[in-house]
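A.B. asks: Can you read through this structure? Questions will come right after.
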Amino acid sequence: MKNHSIDTQRLAVVTPVGRESETIESFIIAVRSNLAKEDSHILVTDKYTDIETKKIIESKCITEYPQVIWLDLPFSNGIASVYIAGYSYALKMNFTHFIEMDAGFSHDPTLLRLFKSESVNYDVVFGNRFSSHSVYQTTLKRKIISKGGSFLSRLVLGVKIKDMTSGYQLFSRKAITKILNHGIQSKGPFFQTEMKYLTTKFELSYHEIPISYSNPSHHITWKEIFNSLLALKRIAK
């Protein structure tokens, strides 16, 4: 089923921000240069965001770039709650599509246009770091965790999405509404896998595109891995 044509799309890019004081301004400039005037960039900060980054957002980013929206949460309950707050805020506005991406250039802003063009024919567009046309620059440990987690998730949940742990993805208004109305159980990074599972559960049309990924924004801890395994077990039941 066809979605909005590119001319009628309004895209909201949702980006949680942590400790990005050195790159936040250049990152916003790069994102803005790849979006249309009717698109917006929603920066979500919380108690874990450092003061210097917030000062830059307040003093420069939201004053110099009208399409940048700053949502400052008084607290959060894991990274999933930060994204959900951003999506929920964006849903109240007249956006047709919603994209999730990391700050700090781990995700390539130049691919935003490709996500948007591919969304014309799909409810959801997922970034795939494992394609032969992808660029995946990170530590060996991170690659093993990502590929192993994707393989295990496909096996347990019975889905065919190649990259089950990527955080660069686009949802139509129909898709994100269905997913948020159902609810997301995960609090940590596994919520990205859960959203992919729900995409197949609700029989939403999806497509994967090769992406570039480098310089992970945070270190994956063994506690996060353990919590992800518990979440996978819970969802499988």
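Identifiers in this document derive from the order of the structure tokens: chains are assigned A, B, ..., residues are numbered from 1 separately in each chain, and ligands are numbered from 1 in order of occurrence.
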Return as CSV the residues of region 71-186 of chain A lying at most 6 Å from region 196-215 of chain A, together with the closest atom-to-atom pair for each and the distance in Å to one decimal, counting only C-alpha atoms, with rows in chain order and ascending residue number.

C.D. replies:
residue,atom,partner,partner_atom,distance
A:Ser106,CA,A:Ser214,CA,4.7
A:His107,CA,A:Tyr213,CA,5.4
A:Tyr122,CA,A:Ser205,CA,5.2
A:Asp123,CA,A:Ser205,CA,5.1
A:Val124,CA,A:Tyr206,CA,4.6
A:Val125,CA,A:His207,CA,5.0
A:Phe126,CA,A:Glu208,CA,4.7
A:Gly127,CA,A:Ile209,CA,5.2
A:Asn128,CA,A:Pro210,CA,4.8
A:Arg129,CA,A:Ile211,CA,5.6
A:Ser131,CA,A:Pro210,CA,5.7
A:His133,CA,A:Pro210,CA,5.9
A:Ser134,CA,A:Pro210,CA,4.8
A:Val135,CA,A:Ser212,CA,4.4
A:Tyr136,CA,A:Tyr213,CA,4.9
A:Gln137,CA,A:Ser214,CA,4.6
A:Thr138,CA,A:Ser214,CA,5.7

A.B. asks: Name the residues of region 4-81 of chain A that fall into helix (DSSP H, G or I) according to DSSP on the backbone, using the chain letters and numbers of this document, as a PyMOL selection string.

C.D. replies: chain A and resi 6-8+24-33+51-64+79-81

A.B. asks: Those residues with N, CA and C atoms, as a compact mmCIF listing (two decimals), in the first residue's frame please?

C.D. replies:
# COMPACT_ATOMS: atom_id res chain seq x y z
N ILE A 6 6.41 11.96 -1.71
CA ILE A 6 7.47 12.73 -1.06
C ILE A 6 7.05 14.18 -0.90
N ASP A 7 6.30 14.71 -1.86
CA ASP A 7 5.90 16.12 -1.81
C ASP A 7 4.96 16.43 -0.65
N THR A 8 4.23 15.44 -0.17
CA THR A 8 3.27 15.69 0.91
C THR A 8 3.76 15.16 2.26
N ILE A 24 27.42 18.50 18.50
CA ILE A 24 25.98 18.68 18.35
C ILE A 24 25.62 19.73 17.30
N GLU A 25 26.34 20.84 17.24
CA GLU A 25 26.00 21.88 16.27
C GLU A 25 26.26 21.41 14.84
N SER A 26 27.42 20.80 14.59
CA SER A 26 27.72 20.33 13.24
C SER A 26 26.78 19.20 12.84
N PHE A 27 26.38 18.39 13.81
CA PHE A 27 25.43 17.31 13.54
C PHE A 27 24.08 17.88 13.10
N ILE A 28 23.59 18.88 13.80
CA ILE A 28 22.30 19.49 13.44
C ILE A 28 22.37 20.14 12.07
N ILE A 29 23.48 20.80 11.77
CA ILE A 29 23.65 21.41 10.45
C ILE A 29 23.59 20.34 9.36
N ALA A 30 24.25 19.21 9.60
CA ALA A 30 24.26 18.12 8.62
C ALA A 30 22.87 17.53 8.43
N VAL A 31 22.14 17.34 9.53
CA VAL A 31 20.78 16.82 9.44
C VAL A 31 19.88 17.80 8.70
N ARG A 32 19.94 19.06 9.07
CA ARG A 32 19.09 20.06 8.45
C ARG A 32 19.35 20.16 6.94
N SER A 33 20.60 20.00 6.52
CA SER A 33 20.93 20.13 5.10
C SER A 33 20.36 18.99 4.27
N ILE A 51 25.45 19.26 30.91
CA ILE A 51 25.05 20.67 30.94
C ILE A 51 25.57 21.43 29.72
N GLU A 52 26.80 21.17 29.32
CA GLU A 52 27.40 21.89 28.20
C GLU A 52 26.62 21.66 26.91
N THR A 53 26.20 20.43 26.67
CA THR A 53 25.40 20.13 25.48
C THR A 53 24.09 20.89 25.51
N LYS A 54 23.43 20.91 26.65
CA LYS A 54 22.16 21.64 26.78
C LYS A 54 22.35 23.14 26.54
N LYS A 55 23.46 23.69 27.01
CA LYS A 55 23.73 25.12 26.81
C LYS A 55 23.86 25.45 25.33
N ILE A 56 24.55 24.57 24.59
CA ILE A 56 24.73 24.80 23.15
C ILE A 56 23.39 24.71 22.43
N ILE A 57 22.58 23.72 22.80
CA ILE A 57 21.26 23.57 22.18
C ILE A 57 20.42 24.82 22.43
N GLU A 58 20.43 25.29 23.66
CA GLU A 58 19.60 26.43 24.03
C GLU A 58 20.08 27.75 23.43
N SER A 59 21.40 27.95 23.42
CA SER A 59 21.94 29.24 22.99
C SER A 59 22.10 29.37 21.48
N LYS A 60 22.31 28.24 20.78
CA LYS A 60 22.59 28.34 19.35
C LYS A 60 21.63 27.55 18.48
N CYS A 61 21.45 26.27 18.80
CA CYS A 61 20.75 25.38 17.87
C CYS A 61 19.29 25.76 17.66
N ILE A 62 18.54 25.97 18.74
CA ILE A 62 17.11 26.24 18.57
C ILE A 62 16.84 27.69 18.19
N THR A 63 17.84 28.56 18.33
CA THR A 63 17.65 29.95 17.93
C THR A 63 18.03 30.18 16.47
N GLU A 64 19.03 29.45 16.00
CA GLU A 64 19.51 29.65 14.63
C GLU A 64 18.81 28.74 13.61
N ILE A 79 16.63 4.38 27.74
CA ILE A 79 16.66 5.00 26.41
C ILE A 79 15.35 4.85 25.66
N ALA A 80 14.63 3.75 25.90
CA ALA A 80 13.35 3.55 25.22
C ALA A 80 12.36 4.66 25.58
N SER A 81 12.34 5.05 26.86
CA SER A 81 11.41 6.09 27.30
C SER A 81 11.72 7.44 26.66

A.B. asks: Please, which residues of region 33-203 of chain A, numbered as in this document, come out strand (DSSP E) from DSSP, as a list of chain:residue names?

C.D. replies: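 Of region 33-203 of chain A, only A:Ser40, A:His41, A:Ile42, A:Leu43, A:Val44, A:Thr45, A:Val68, A:Ile69, A:Trp70, A:Leu71, A:Asp72, A:His97, A:Phe98, A:Ile99, A:Glu100, A:Val124, A:Val125, A:Phe126, A:Gly127, A:Asn128, A:Val135, A:Tyr136, A:Gln137, A:Gln169, A:Leu170, A:Phe171, A:Ser172 fall in strand (DSSP E).
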
A.B. asks: Would you put the residues from that selection into a file with C-alpha atoms, as a compact mmCIF listing (two decimals), in the first residue's frame?

C.D. replies:
# COMPACT_ATOMS: atom_id res chain seq x y z
CA SER A 40 11.65 19.08 11.80
CA HIS A 41 14.43 17.75 14.01
CA ILE A 42 13.41 16.94 17.58
CA LEU A 43 16.27 16.81 20.09
CA VAL A 44 15.37 14.93 23.28
CA THR A 45 17.47 15.46 26.40
CA VAL A 68 14.87 22.32 15.49
CA ILE A 69 12.67 21.45 18.48
CA TRP A 70 14.13 20.82 21.93
CA LEU A 71 12.27 18.47 24.27
CA ASP A 72 13.96 18.47 27.69
CA HIS A 97 6.69 10.06 9.11
CA PHE A 98 9.07 9.61 12.03
CA ILE A 99 12.72 8.63 11.95
CA GLU A 100 14.96 7.45 14.75
CA VAL A 124 8.54 1.09 7.84
CA VAL A 125 12.10 1.42 6.51
CA PHE A 126 14.92 -0.19 8.52
CA GLY A 127 18.62 0.54 8.29
CA ASN A 128 20.76 -2.56 7.69
CA VAL A 135 29.66 0.37 5.93
CA TYR A 136 29.95 -0.89 9.50
CA GLN A 137 32.92 0.59 11.37
CA GLN A 169 14.82 3.49 11.10
CA LEU A 170 11.74 5.26 9.76
CA PHE A 171 8.07 4.70 10.61
CA SER A 172 4.90 5.99 8.99

A.B. asks: Counting only C-alpha atoms, which residue out of A:Ile161, A:Met93, A:Leu35, A:Ala103 sits closest to Val17 (chain A)?

C.D. replies: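 Of the candidates, the smallest distance to Val17 (chain A) is held by A:Ala103.
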
A.B. asks: With only C-alpha atoms as the atoms that count, which of A:Thr193, A:Ser117, A:Thr23, A:Thr15 lies nearest to Phe105 (chain A)?

C.D. replies: A:Thr23
